[in-house]
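Written below as structure tokens is the structure these notes are about.
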Amino acid sequence: MVKFLLLALAFGLAHSQAELEGKWVTTAIAANNVDKIEARGPLRLYVREITCSEACSKMEVTFYVNANNQCSQTQITGYRQDDGNCRTQFEGDNVFKPVIATEDNIVFSSEIVDKAGRTTNLIFVVGKGQPLTPEQHEKLEAYAKESSIPPENIRDVLATAERSALGVVHWSPTLGCPRRTGPYRLAVRRLAVHAALGPAA
């Protein structure tokens with residue numbers, strides 16, 4: 001809990017849920033199963049947009065991910081449960097929640113149990129295109145330890161993206177999602193999972 005409070009101080013005080021909505025880019029990801037978030041890993045998600053509805057009892061997250069050697073734009077819908085967590089199906093049973101939300105960054109925690117029963121604990125940091133400050137990175141390392149994630153498993157995802165003057169991010173094929181002008185076709189998927197809704201908190 002102390003480390004969580006230090007994380008909150010490093011990233012800023014929490015704002016209203018309305019500030020979850022908007023255009024975001026993935027800054028950093030950490031996971032206990034680091035293979036899941038390496039380049040071309042199934043959980044190396046390049047977040048682009050978050051929207052909320054029904055008092056944020058439904059949260060839609062749009063992101064890119066490498067799927068079958070294609071840069072696939074995917075949208076998942078998380079439904080808030082009685083315990084305040086959001087639940088969806090992506091690469092298994094996925095439970096996630098924002099733990100810190102500010103104008104500049106959102107920190108998500110997530111637990112995913114895949115079809116093989118393997119549990120992956122994750123931390124996603126999304127922002128507005130700026131790298132973490134040294135203080136933020138230090139507090140992220142402490143929060144990762146508290147979440148049973150080795151600090152060396154933190155991946156700087158923002159560093160793999162090259163932002164153009166138009167704000168469009170292109171990727172090298174060796175780093176995950178290929179450039180749009182590359183040899184791979186851009187695929188689009190939409191996943192809307194109808195899980196049982198808990199009452200809004």
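Chain labels A, B, ... are given in the sequence in which chains occur in the structure tokens; within each chain residues are numbered consecutively from 1, and ligands are likewise numbered from 1 in the order shown.
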Run DSSP on the backbone and give me the residues of stretch 48-177 of chain A it puts in alpha helix (DSSP H), as a ChimeraX atom specification.
/A:134-146
Name the closest residue to A:Asp104 among the candidates A:Thr119, A:Asn33, A:Gln130, A:Gln73; distances are taken between atoms, counting only C-alpha atoms.
A:Gln130
Strand (DSSP E) positions in stretch 19-167 of chain A, given as a VMD selection string:
chain A and resid 22 to 23 25 to 31 46 to 53 58 to 67 70 to 80 86 to 89 93 to 101 105 to 113 119 to 127 154 to 155 161 to 163
Near stretch 34-49 of chain A, counting only C-alpha atoms, which residues have an atom at most 9 Å away, once you skip same-chain residues fewer than 3 positions from it, shown as a PyMOL selection string?
chain A and resi 21-27+29-31+60-67+69+91+120+124+126+153-155+157-158+174-177
Once you have the residues from the selection above, write them out as a short mmCIF file (atom, residue, chain, number, x, y, z; two decimals), in the first residue's frame, restricted to C-alpha atoms.
```cif
data_model
loop_
_atom_site.label_atom_id
_atom_site.label_comp_id
_atom_site.auth_asym_id
_atom_site.auth_seq_id
_atom_site.Cartn_x
_atom_site.Cartn_y
_atom_site.Cartn_z
CA GLU A 21 -11.38 8.75 -22.05
CA GLY A 22 -9.32 9.97 -24.96
CA LYS A 23 -6.35 9.23 -27.17
CA TRP A 24 -3.55 7.39 -25.39
CA VAL A 25 -0.34 5.58 -26.31
CA THR A 26 1.33 2.76 -24.43
CA THR A 27 4.36 4.03 -22.53
CA ILE A 29 4.38 -2.62 -19.85
CA ALA A 30 5.53 -5.03 -17.14
CA ALA A 31 4.59 -8.68 -16.63
CA GLU A 60 -13.69 0.17 -24.47
CA VAL A 61 -9.97 -0.01 -25.21
CA THR A 62 -8.68 0.23 -28.78
CA PHE A 63 -5.15 -0.99 -29.45
CA TYR A 64 -2.82 -2.58 -31.97
CA VAL A 65 -1.28 -5.99 -31.42
CA ASN A 66 0.72 -8.37 -33.56
CA ALA A 67 -1.62 -11.25 -34.44
CA ASN A 69 2.14 -11.62 -38.36
CA GLU A 91 -5.96 -13.94 -24.63
CA THR A 120 0.01 -13.39 -16.12
CA PHE A 124 0.23 -1.10 -18.33
CA VAL A 126 -0.39 4.73 -21.03
CA ASN A 153 10.55 -7.25 -16.77
CA ILE A 154 9.50 -3.64 -17.41
CA ARG A 155 9.49 -2.89 -21.14
CA VAL A 157 7.12 0.27 -25.33
CA LEU A 158 7.19 3.93 -26.29
CA THR A 174 11.25 -6.49 -36.09
CA LEU A 175 9.68 -4.72 -33.11
CA GLY A 176 6.10 -5.95 -33.25
CA CYS A 177 3.63 -4.14 -35.49
#
```
